[in-house]
file model28.pdb (PDB, C-alpha atoms)
MODEL        1
ATOM      1  CA  MET D   1     127.884 136.218 151.045
ATOM      2  CA  ALA D   2     128.465 138.186 147.859
ATOM      3  CA  SER D   3     126.669 141.235 149.229
ATOM      4  CA  ALA D   4     128.758 141.040 152.371
ATOM      5  CA  PHE D   5     131.936 141.292 150.329
ATOM      6  CA  ASP D   6     130.484 144.278 148.525
ATOM      7  CA  ALA D   7     129.655 145.988 151.826
ATOM      8  CA  ASN D   8     133.344 146.455 152.554
ATOM      9  CA  GLY D   9     133.501 148.796 149.599
ATOM     10  CA  ALA D  10     136.367 147.260 147.628
ATOM     11  CA  GLY D  11     135.892 146.179 144.031
ATOM     12  CA  LEU D  12     136.459 142.504 143.264
ATOM     13  CA  SER D  13     136.128 142.792 139.510
ATOM     14  CA  LYS D  14     139.820 141.964 139.155
ATOM     15  CA  LEU D  15     138.882 138.377 140.009
ATOM     16  CA  ASP D  16     137.619 138.056 136.466
ATOM     17  CA  SER D  17     139.624 135.191 134.970
ATOM     18  CA  GLY D  18     140.373 137.421 132.018
ATOM     19  CA  ALA D  19     141.904 140.204 134.087
ATOM     20  CA  ASP D  20     145.677 140.517 133.717
ATOM     21  CA  ARG D  21     146.228 141.155 137.417
ATOM     22  CA  THR D  22     147.114 139.270 140.573
ATOM     23  CA  LEU D  23     144.883 139.422 143.635
ATOM     24  CA  ASP D  24     146.977 140.079 146.744
ATOM     25  CA  ILE D  25     145.434 138.189 149.657
ATOM     26  CA  LEU D  26     146.474 138.457 153.295
ATOM     27  CA  ALA D  27     145.795 135.246 155.236
ATOM     28  CA  ILE D  28     146.185 136.272 158.860
ATOM     29  CA  GLY D  29     145.530 134.480 162.120
ATOM     30  CA  SER D  30     147.147 131.909 164.369
ATOM     31  CA  SER D  31     148.204 128.261 164.036
ATOM     32  CA  SER D  32     145.420 127.282 161.616
ATOM     33  CA  THR D  33     146.778 129.898 159.220
ATOM     34  CA  GLU D  34     150.438 129.178 159.888
ATOM     35  CA  GLY D  35     149.704 125.542 159.120
ATOM     36  CA  ILE D  36     150.536 123.739 162.349
ATOM     37  CA  GLY D  37     149.525 120.105 161.861
ATOM     38  CA  ALA D  38     150.243 120.102 158.142
ATOM     39  CA  SER D  39     152.986 117.829 156.854
ATOM     40  CA  ALA D  40     154.624 120.731 154.990
ATOM     41  CA  PRO D  41     154.080 124.490 154.446
ATOM     42  CA  ALA D  42     152.706 123.697 150.991
ATOM     43  CA  ASN D  43     149.813 121.878 152.663
ATOM     44  CA  ALA D  44     148.765 124.775 154.907
ATOM     45  CA  TYR D  45     145.498 126.379 153.805
ATOM     46  CA  PRO D  46     147.010 129.625 152.392
ATOM     47  CA  ALA D  47     149.249 127.679 149.996
ATOM     48  CA  ARG D  48     146.385 125.340 149.103
ATOM     49  CA  LEU D  49     144.104 128.329 148.505
ATOM     50  CA  GLU D  50     146.576 130.041 146.212
ATOM     51  CA  ASP D  51     146.961 126.852 144.201
ATOM     52  CA  GLU D  52     143.220 126.285 143.893
ATOM     53  CA  LEU D  53     142.412 129.875 142.920
ATOM     54  CA  THR D  54     145.240 130.090 140.391
ATOM     55  CA  HIS D  55     145.189 126.661 138.811
ATOM     56  CA  HIS D  56     141.562 125.600 139.175
ATOM     57  CA  ASP D  57     139.467 128.775 139.312
ATOM     58  CA  GLY D  58     141.399 130.967 136.877
ATOM     59  CA  ILE D  59     141.970 133.665 139.501
ATOM     60  CA  ALA D  60     145.599 134.779 139.637
ATOM     61  CA  ALA D  61     146.309 135.074 143.359
ATOM     62  CA  ASP D  62     149.196 135.698 145.720
ATOM     63  CA  VAL D  63     148.187 134.454 149.191
ATOM     64  CA  ARG D  64     150.598 135.604 151.884
ATOM     65  CA  ASN D  65     150.663 133.481 155.016
ATOM     66  CA  ALA D  66     150.709 135.728 158.092
ATOM     67  CA  GLY D  67     149.780 133.065 160.631
ATOM     68  CA  VAL D  68     151.444 133.077 164.057
ATOM     69  CA  GLY D  69     150.742 130.049 166.207
ATOM     70  CA  GLY D  70     149.280 130.755 169.646
ATOM     71  CA  GLU D  71     148.432 134.373 168.901
ATOM     72  CA  PHE D  72     145.357 136.073 170.393
ATOM     73  CA  ALA D  73     143.002 138.325 168.425
ATOM     74  CA  ALA D  74     144.270 141.545 170.019
ATOM     75  CA  LYS D  75     147.820 140.834 168.849
ATOM     76  CA  THR D  76     146.680 139.804 165.390
ATOM     77  CA  LEU D  77     144.693 143.040 165.179
ATOM     78  CA  THR D  78     147.888 145.065 165.498
ATOM     79  CA  ARG D  79     149.474 143.181 162.613
ATOM     80  CA  LEU D  80     146.302 143.437 160.548
ATOM     81  CA  VAL D  81     146.110 147.208 160.935
ATOM     82  CA  SER D  82     149.766 147.530 159.958
ATOM     83  CA  ALA D  83     149.254 145.399 156.838
ATOM     84  CA  LEU D  84     146.206 147.402 155.809
ATOM     85  CA  LYS D  85     148.180 150.628 156.126
ATOM     86  CA  SER D  86     150.826 149.265 153.768
ATOM     87  CA  GLY D  87     148.325 149.429 150.928
ATOM     88  CA  TRP D  88     149.157 146.146 149.201
ATOM     89  CA  VAL D  89     146.321 144.083 150.671
ATOM     90  CA  GLU D  90     143.302 143.575 148.405
ATOM     91  CA  LEU D  91     141.502 140.870 150.380
ATOM     92  CA  VAL D  92     141.891 139.787 154.019
ATOM     93  CA  ILE D  93     141.072 136.353 155.407
ATOM     94  CA  TRP D  94     141.123 136.493 159.213
ATOM     95  CA  GLN D  95     141.040 133.194 161.096
ATOM     96  CA  VAL D  96     140.240 134.156 164.668
ATOM     97  CA  GLY D  97     138.995 133.040 168.069
ATOM     98  CA  THR D  98     140.307 129.586 168.889
ATOM     99  CA  ASN D  99     143.191 130.663 171.118
ATOM    100  CA  ASP D 100     141.121 133.330 172.847
ATOM    101  CA  ALA D 101     138.399 130.822 173.647
ATOM    102  CA  MET D 102     140.800 128.135 174.835
ATOM    103  CA  ALA D 103     142.858 130.487 177.015
ATOM    104  CA  GLY D 104     139.979 132.288 178.733
ATOM    105  CA  VAL D 105     140.424 135.736 177.195
ATOM    106  CA  ASP D 106     137.740 138.199 178.299
ATOM    107  CA  GLU D 107     134.806 137.879 175.929
ATOM    108  CA  THR D 108     134.184 141.623 175.712
ATOM    109  CA  ALA D 109     137.833 142.277 174.902
ATOM    110  CA  PHE D 110     137.714 139.610 172.206
ATOM    111  CA  ARG D 111     134.582 141.091 170.675
ATOM    112  CA  THR D 112     136.185 144.533 170.656
ATOM    113  CA  ALA D 113     139.304 143.217 168.898
ATOM    114  CA  VAL D 114     137.294 141.557 166.130
ATOM    115  CA  GLU D 115     135.057 144.606 165.718
ATOM    116  CA  SER D 116     138.144 146.820 165.464
ATOM    117  CA  GLY D 117     139.563 144.591 162.738
ATOM    118  CA  VAL D 118     136.332 144.777 160.788
ATOM    119  CA  ALA D 119     136.314 148.568 161.135
ATOM    120  CA  ALA D 120     139.939 148.826 160.019
ATOM    121  CA  ALA D 121     139.288 146.747 156.904
ATOM    122  CA  ARG D 122     136.215 148.785 156.073
ATOM    123  CA  ALA D 123     138.106 152.054 156.521
ATOM    124  CA  ALA D 124     140.802 150.768 154.167
ATOM    125  CA  ARG D 125     138.084 149.625 151.713
ATOM    126  CA  VAL D 126     139.486 146.097 151.718
ATOM    127  CA  PRO D 127     137.102 143.107 151.640
ATOM    128  CA  LEU D 128     137.293 140.870 154.704
ATOM    129  CA  LEU D 129     136.367 137.234 155.228
ATOM    130  CA  LEU D 130     136.256 135.962 158.816
ATOM    131  CA  ILE D 131     136.871 132.330 159.762
ATOM    132  CA  ASP D 132     135.426 131.386 163.136
ATOM    133  CA  PRO D 133     136.965 128.851 165.571
ATOM    134  CA  GLN D 134     137.066 125.243 164.476
ATOM    135  CA  PHE D 135     135.308 122.407 166.205
ATOM    136  CA  THR D 136     137.673 120.612 168.584
ATOM    137  CA  PRO D 137     137.201 117.915 171.237
ATOM    138  CA  LYS D 138     140.051 119.545 173.196
ATOM    139  CA  SER D 139     138.059 122.526 174.482
ATOM    140  CA  PRO D 140     138.074 122.556 178.323
ATOM    141  CA  ASN D 141     134.789 124.471 178.422
ATOM    142  CA  GLN D 142     132.568 123.783 175.429
ATOM    143  CA  ALA D 143     129.864 126.283 176.400
ATOM    144  CA  ARG D 144     132.411 129.079 176.673
ATOM    145  CA  TYR D 145     134.090 127.984 173.455
ATOM    146  CA  GLU D 146     130.820 128.149 171.554
ATOM    147  CA  ARG D 147     130.187 131.675 172.857
ATOM    148  CA  PHE D 148     133.350 132.795 171.071
ATOM    149  CA  VAL D 149     132.123 131.115 167.911
ATOM    150  CA  ALA D 150     128.839 132.981 168.334
ATOM    151  CA  ILE D 151     130.621 136.306 168.819
ATOM    152  CA  VAL D 152     132.355 136.003 165.442
ATOM    153  CA  ASP D 153     129.136 134.945 163.750
ATOM    154  CA  GLU D 154     127.154 137.782 165.370
ATOM    155  CA  ILE D 155     129.670 140.392 164.234
ATOM    156  CA  GLY D 156     129.488 139.018 160.706
ATOM    157  CA  VAL D 157     125.697 139.286 160.607
ATOM    158  CA  ARG D 158     125.551 142.701 162.204
ATOM    159  CA  ASP D 159     128.364 144.272 160.159
ATOM    160  CA  HIS D 160     127.564 142.441 156.901
ATOM    161  CA  VAL D 161     130.912 140.659 156.815
ATOM    162  CA  PRO D 162     131.046 137.101 155.447
ATOM    163  CA  VAL D 163     131.954 134.426 157.975
ATOM    164  CA  LEU D 164     133.159 130.987 156.985
ATOM    165  CA  SER D 165     131.897 128.881 159.885
ATOM    166  CA  ARG D 166     134.269 125.964 160.036
ATOM    167  CA  PHE D 167     132.875 125.196 163.499
ATOM    168  CA  ALA D 168     129.464 124.487 161.989
ATOM    169  CA  MET D 169     130.981 122.651 159.028
ATOM    170  CA  MET D 170     133.002 120.369 161.283
ATOM    171  CA  LYS D 171     130.278 119.900 163.890
ATOM    172  CA  GLN D 172     127.881 118.708 161.199
ATOM    173  CA  LEU D 173     130.254 115.808 160.603
ATOM    174  CA  GLY D 174     129.868 114.709 164.210
ATOM    175  CA  THR D 175     132.727 114.153 166.639
ATOM    176  CA  GLN D 176     134.179 111.164 164.793
ATOM    177  CA  GLY D 177     133.808 112.778 161.383
ATOM    178  CA  ALA D 178     135.406 116.014 162.527
ATOM    179  CA  ARG D 179     138.409 114.058 163.764
ATOM    180  CA  THR D 180     139.228 113.086 160.174
ATOM    181  CA  LEU D 181     140.085 116.754 159.562
ATOM    182  CA  LEU D 182     142.339 117.027 162.616
ATOM    183  CA  SER D 183     145.931 116.051 163.232
ATOM    184  CA  SER D 184     146.886 113.577 165.938
ATOM    185  CA  ASP D 185     146.843 116.308 168.621
ATOM    186  CA  GLY D 186     143.066 116.679 168.184
ATOM    187  CA  LEU D 187     143.373 120.459 167.900
ATOM    188  CA  HIS D 188     145.155 121.434 164.690
ATOM    189  CA  MET D 189     143.950 120.480 161.243
ATOM    190  CA  ASN D 190     145.762 117.906 159.118
ATOM    191  CA  ASP D 191     146.563 118.047 155.401
ATOM    192  CA  PHE D 192     143.066 116.909 154.458
ATOM    193  CA  GLY D 193     141.475 119.421 156.834
ATOM    194  CA  TYR D 194     143.472 122.300 155.380
ATOM    195  CA  LYS D 195     142.602 121.169 151.854
ATOM    196  CA  CYS D 196     138.895 121.218 152.735
ATOM    197  CA  LEU D 197     139.238 124.635 154.386
ATOM    198  CA  ALA D 198     141.041 126.085 151.366
ATOM    199  CA  HIS D 199     138.333 124.754 149.050
ATOM    200  CA  ALA D 200     135.572 126.320 151.148
ATOM    201  CA  ILE D 201     137.386 129.673 151.148
ATOM    202  CA  ALA D 202     137.942 129.520 147.385
ATOM    203  CA  GLU D 203     134.224 128.971 146.880
ATOM    204  CA  ALA D 204     133.440 131.956 149.121
ATOM    205  CA  ILE D 205     135.808 134.154 147.114
ATOM    206  CA  GLU D 206     134.225 133.028 143.859
ATOM    207  CA  VAL D 207     130.787 133.982 145.176
ATOM    208  CA  GLY D 208     132.063 137.391 146.242
ATOM    209  CA  ALA D 209     133.690 137.939 142.872
ATOM    210  CA  GLY D 210     130.592 136.835 141.010
ATOM    211  CA  ALA D 211     128.640 139.789 142.329
ATOM    212  CA  LYS D 212     131.099 142.163 140.662
ATOM    213  CA  LEU D 213     131.534 140.487 137.272
TER
ENDMDL
END
call {"tool": "encode", "arguments": {"input": "model28.pdb", "output": "structure tokens"}}
result
Amino acid sequence: MASAFDANGAGLSKLDSGADRTLDILAIGSSSTEGIGASAPANAYPARLEDELTHHDGIAADVRNAGVGGEFAAKTLTRLVSALKSGWVELVIWQVGTNDAMAGVDETAFRTAVESGVAAARAARVPLLLIDPQFTPKSPNQARYERFVAIVDEIGVRDHVPVLSRFAMMKQLGTQGARTLLSSDGLHMNDFGYKCLAHAIAEAIEVGAGAKL
């Protein structure tokens, strides 16, 4: 995963705990980023991630929550490109795919949107971490849903972009175990789920930073 961060061409040496700088992170995506299912905004994963990086890992971080519930990848792409052009973003975390898979978006169009986001981040020399769709018992077509998961994972491998596979993480727990990470609607994560997600992302960032220290 560290080499994948490096492949985007942006230095992560500022993650050194001794560096007197703040890492500006863009957390972009849909409801899992916005924090639907959490009891409060402070329990959404971006807020949890900022707290863990700053207070536990010694990495001063400002994680901006740019999650919009129900949004498809193509729409998120437009916002991502705009944010990258602004110049303030130093690391992007893109949670993507769940809505597209659930709503029946064309698979080729979805792949193109994700590939375009990867290309935009690389052109801006900003490291990118992808988060693939979560495991959910609410999917109306599991085979189709898993193809969208595979698309994100395939792009990560091919383009050397790290992918945090929460689908695999949750599926390993089994259906009943995965439910402990979900809110009562069976689709969105709960406070505990977001805490676990934030911890996994923090570990991925630490690995990426370690390659540059």
call {"tool": "residues_around", "arguments": {"input": "model28.pdb", "residues": "segment 165-167 of chain D", "least_positions_apart": "2", "cutoff": "7 Å", "atoms": "only C-alpha atoms", "output": "CSV table (one decimal) with C-alpha atoms, in the frame of the given file"}}
result
chain,number,residue,atom,x,y,z
D,131,ILE,CA,136.9,132.3,159.8
D,132,ASP,CA,135.4,131.4,163.1
D,133,PRO,CA,137.0,128.9,165.6
D,134,GLN,CA,137.1,125.2,164.5
D,135,PHE,CA,135.3,122.4,166.2
D,163,VAL,CA,132.0,134.4,158.0
D,169,MET,CA,131.0,122.7,159.0
D,170,MET,CA,133.0,120.4,161.3
D,171,LYS,CA,130.3,119.9,163.9
call {"tool": "closest_residue", "arguments": {"input": "model28.pdb", "among": "D:Thr180, D:Leu129, D:Val157, D:Ser32", "to": "Ala204 of chain D", "atoms": "all atoms listed in the file"}}
result
D:Leu129
call {"tool": "closest_atom_pairs", "arguments": {"input": "model28.pdb", "of": "segment 134-206 of chain D", "to": "segment 87-93 of chain D", "cutoff": "10 Å", "atoms": "all atoms listed in the file", "output": "JSON lines"}}
result
{"residue": "D:Val163", "atom": "CA", "partner": "D:Ile93", "partner_atom": "CA", "distance": 9.7}
{"residue": "D:Leu164", "atom": "CA", "partner": "D:Ile93", "partner_atom": "CA", "distance": 9.7}
{"residue": "D:Ile201", "atom": "CA", "partner": "D:Ile93", "partner_atom": "CA", "distance": 8.7}
{"residue": "D:Ile205", "atom": "CA", "partner": "D:Leu91", "partner_atom": "CA", "distance": 9.4}
call {"tool": "closest_residue", "arguments": {"input": "model28.pdb", "among": "D:Glu107, D:Glu52, D:Glu34, D:Asp57", "to": "Gly70 of chain D", "atoms": "only C-alpha atoms"}}
result
D:Glu34
call {"tool": "resolve_selection", "arguments": {"input": "model28.pdb", "expression": "the PyMOL selection byres ((chain D and resi 151) around 10)", "output": "count of residues only"}}
result
18
call {"tool": "resolve_selection", "arguments": {"input": "model28.pdb", "expression": "the PyMOL selection byres ((chain D and resi 181-194) around 7)", "output": "VMD selection string"}}
result
chain D and resid 32 36 to 39 43 to 45 136 to 138 178 to 180 195 to 198
call {"tool": "resolve_selection", "arguments": {"input": "model28.pdb", "expression": "the PyMOL selection byres ((chain D and resi 74) around 9)", "output": "list in words"}}
result
Glu71, Phe72, Ala73, Lys75, Thr76, Leu77, Thr78, Ala109, Phe110, Thr112, Ala113 and Val114 of chain D
call {"tool": "closest_residue", "arguments": {"input": "model28.pdb", "among": "D:Leu130, D:Val81, D:Val63, D:Ala103", "to": "Ser116 of chain D", "atoms": "all atoms listed in the file"}}
result
D:Val81
call {"tool": "closest_residue", "arguments": {"input": "model28.pdb", "among": "D:Thr54, D:Gln172, D:Ser139, D:Ser86", "to": "Asn99 of chain D", "atoms": "all atoms listed in the file"}}
result
D:Ser139
call {"tool": "decode", "arguments": {"input": "model28.pdb", "residues": "segment 96-173 of chain D", "atoms": "C-alpha atoms", "output": "mmCIF file, in the first residue's frame"}}
result
data_model
loop_
_atom_site.group_PDB
_atom_site.id
_atom_site.type_symbol
_atom_site.label_atom_id
_atom_site.label_comp_id
_atom_site.auth_asym_id
_atom_site.auth_seq_id
_atom_site.Cartn_x
_atom_site.Cartn_y
_atom_site.Cartn_z
ATOM 1 C CA VAL D 96 -17.349 5.077 -3.966
ATOM 2 C CA GLY D 97 -19.641 2.529 -5.585
ATOM 3 C CA THR D 98 -22.445 1.586 -3.226
ATOM 4 C CA ASN D 99 -25.123 3.841 -4.705
ATOM 5 C CA ASP D 100 -24.108 3.043 -8.271
ATOM 6 C CA ALA D 101 -24.339 -0.676 -7.597
ATOM 7 C CA MET D 102 -27.653 -0.449 -5.765
ATOM 8 C CA ALA D 103 -29.298 1.806 -8.358
ATOM 9 C CA GLY D 104 -28.224 -0.088 -11.479
ATOM 10 C CA VAL D 105 -25.836 2.479 -12.949
ATOM 11 C CA ASP D 106 -24.130 1.258 -16.124
ATOM 12 C CA GLU D 107 -20.992 -0.609 -15.128
ATOM 13 C CA THR D 108 -18.864 0.871 -17.909
ATOM 14 C CA ALA D 109 -19.932 4.391 -16.979
ATOM 15 C CA PHE D 110 -19.082 3.691 -13.348
ATOM 16 C CA ARG D 111 -15.658 2.351 -14.256
ATOM 17 C CA THR D 112 -14.990 5.421 -16.387
ATOM 18 C CA ALA D 113 -15.951 7.770 -13.540
ATOM 19 C CA VAL D 114 -13.602 6.077 -11.075
ATOM 20 C CA GLU D 115 -10.778 5.948 -13.622
ATOM 21 C CA SER D 116 -11.267 9.657 -14.331
ATOM 22 C CA GLY D 117 -11.022 10.435 -10.624
ATOM 23 C CA VAL D 118 -7.808 8.468 -10.338
ATOM 24 C CA ALA D 119 -6.391 10.302 -13.357
ATOM 25 C CA ALA D 120 -7.397 13.687 -11.949
ATOM 26 C CA ALA D 121 -5.703 12.976 -8.621
ATOM 27 C CA ARG D 122 -2.574 11.771 -10.366
ATOM 28 C CA ALA D 123 -2.472 14.853 -12.590
ATOM 29 C CA ALA D 124 -2.764 17.045 -9.496
ATOM 30 C CA ARG D 125 -0.039 14.954 -7.786
ATOM 31 C CA VAL D 126 -2.333 14.276 -4.837
ATOM 32 C CA PRO D 127 -2.318 10.833 -3.173
ATOM 33 C CA LEU D 128 -5.620 8.968 -3.397
ATOM 34 C CA LEU D 129 -7.099 6.202 -1.273
ATOM 35 C CA LEU D 130 -10.197 4.440 -2.613
ATOM 36 C CA ILE D 131 -12.801 2.805 -0.374
ATOM 37 C CA ASP D 132 -14.891 0.192 -2.154
ATOM 38 C CA PRO D 133 -18.585 -0.555 -1.429
ATOM 39 C CA GLN D 134 -19.424 -2.015 1.946
ATOM 40 C CA PHE D 135 -20.984 -5.387 2.518
ATOM 41 C CA THR D 136 -24.752 -5.069 2.936
ATOM 42 C CA PRO D 137 -27.605 -7.590 3.144
ATOM 43 C CA LYS D 138 -29.827 -5.001 1.418
ATOM 44 C CA SER D 139 -28.395 -5.448 -2.083
ATOM 45 C CA PRO D 140 -31.174 -6.512 -4.512
ATOM 46 C CA ASN D 141 -28.660 -8.216 -6.802
ATOM 47 C CA GLN D 142 -25.610 -9.518 -4.966
ATOM 48 C CA ALA D 143 -23.781 -10.700 -8.090
ATOM 49 C CA ARG D 144 -24.110 -7.279 -9.694
ATOM 50 C CA TYR D 145 -23.150 -5.568 -6.450
ATOM 51 C CA GLU D 146 -19.960 -7.591 -6.189
ATOM 52 C CA ARG D 147 -19.024 -6.663 -9.767
ATOM 53 C CA PHE D 148 -18.922 -3.019 -8.688
ATOM 54 C CA VAL D 149 -16.714 -3.978 -5.769
ATOM 55 C CA ALA D 150 -14.457 -5.799 -8.225
ATOM 56 C CA ILE D 151 -14.301 -2.786 -10.542
ATOM 57 C CA VAL D 152 -12.908 -0.579 -7.769
ATOM 58 C CA ASP D 153 -10.432 -3.248 -6.724
ATOM 59 C CA GLU D 154 -9.311 -3.857 -10.326
ATOM 60 C CA ILE D 155 -8.682 -0.157 -10.915
ATOM 61 C CA GLY D 156 -6.629 -0.007 -7.732
ATOM 62 C CA VAL D 157 -4.424 -2.911 -8.808
ATOM 63 C CA ARG D 158 -4.009 -1.729 -12.366
ATOM 64 C CA ASP D 159 -3.335 1.935 -11.545
ATOM 65 C CA HIS D 160 -1.349 1.273 -8.347
ATOM 66 C CA VAL D 161 -3.849 3.094 -6.149
ATOM 67 C CA PRO D 162 -4.485 1.763 -2.631
ATOM 68 C CA VAL D 163 -7.972 0.407 -2.018
ATOM 69 C CA LEU D 164 -9.401 -0.102 1.440
ATOM 70 C CA SER D 165 -11.754 -3.029 0.861
ATOM 71 C CA ARG D 166 -14.402 -2.649 3.508
ATOM 72 C CA PHE D 167 -16.507 -5.155 1.555
ATOM 73 C CA ALA D 168 -13.909 -7.853 2.180
ATOM 74 C CA MET D 169 -13.373 -6.726 5.770
ATOM 75 C CA MET D 170 -17.082 -6.902 6.539
ATOM 76 C CA LYS D 171 -17.728 -10.089 4.575
ATOM 77 C CA GLN D 172 -15.025 -11.878 6.549
ATOM 78 C CA LEU D 173 -17.124 -11.276 9.651
#
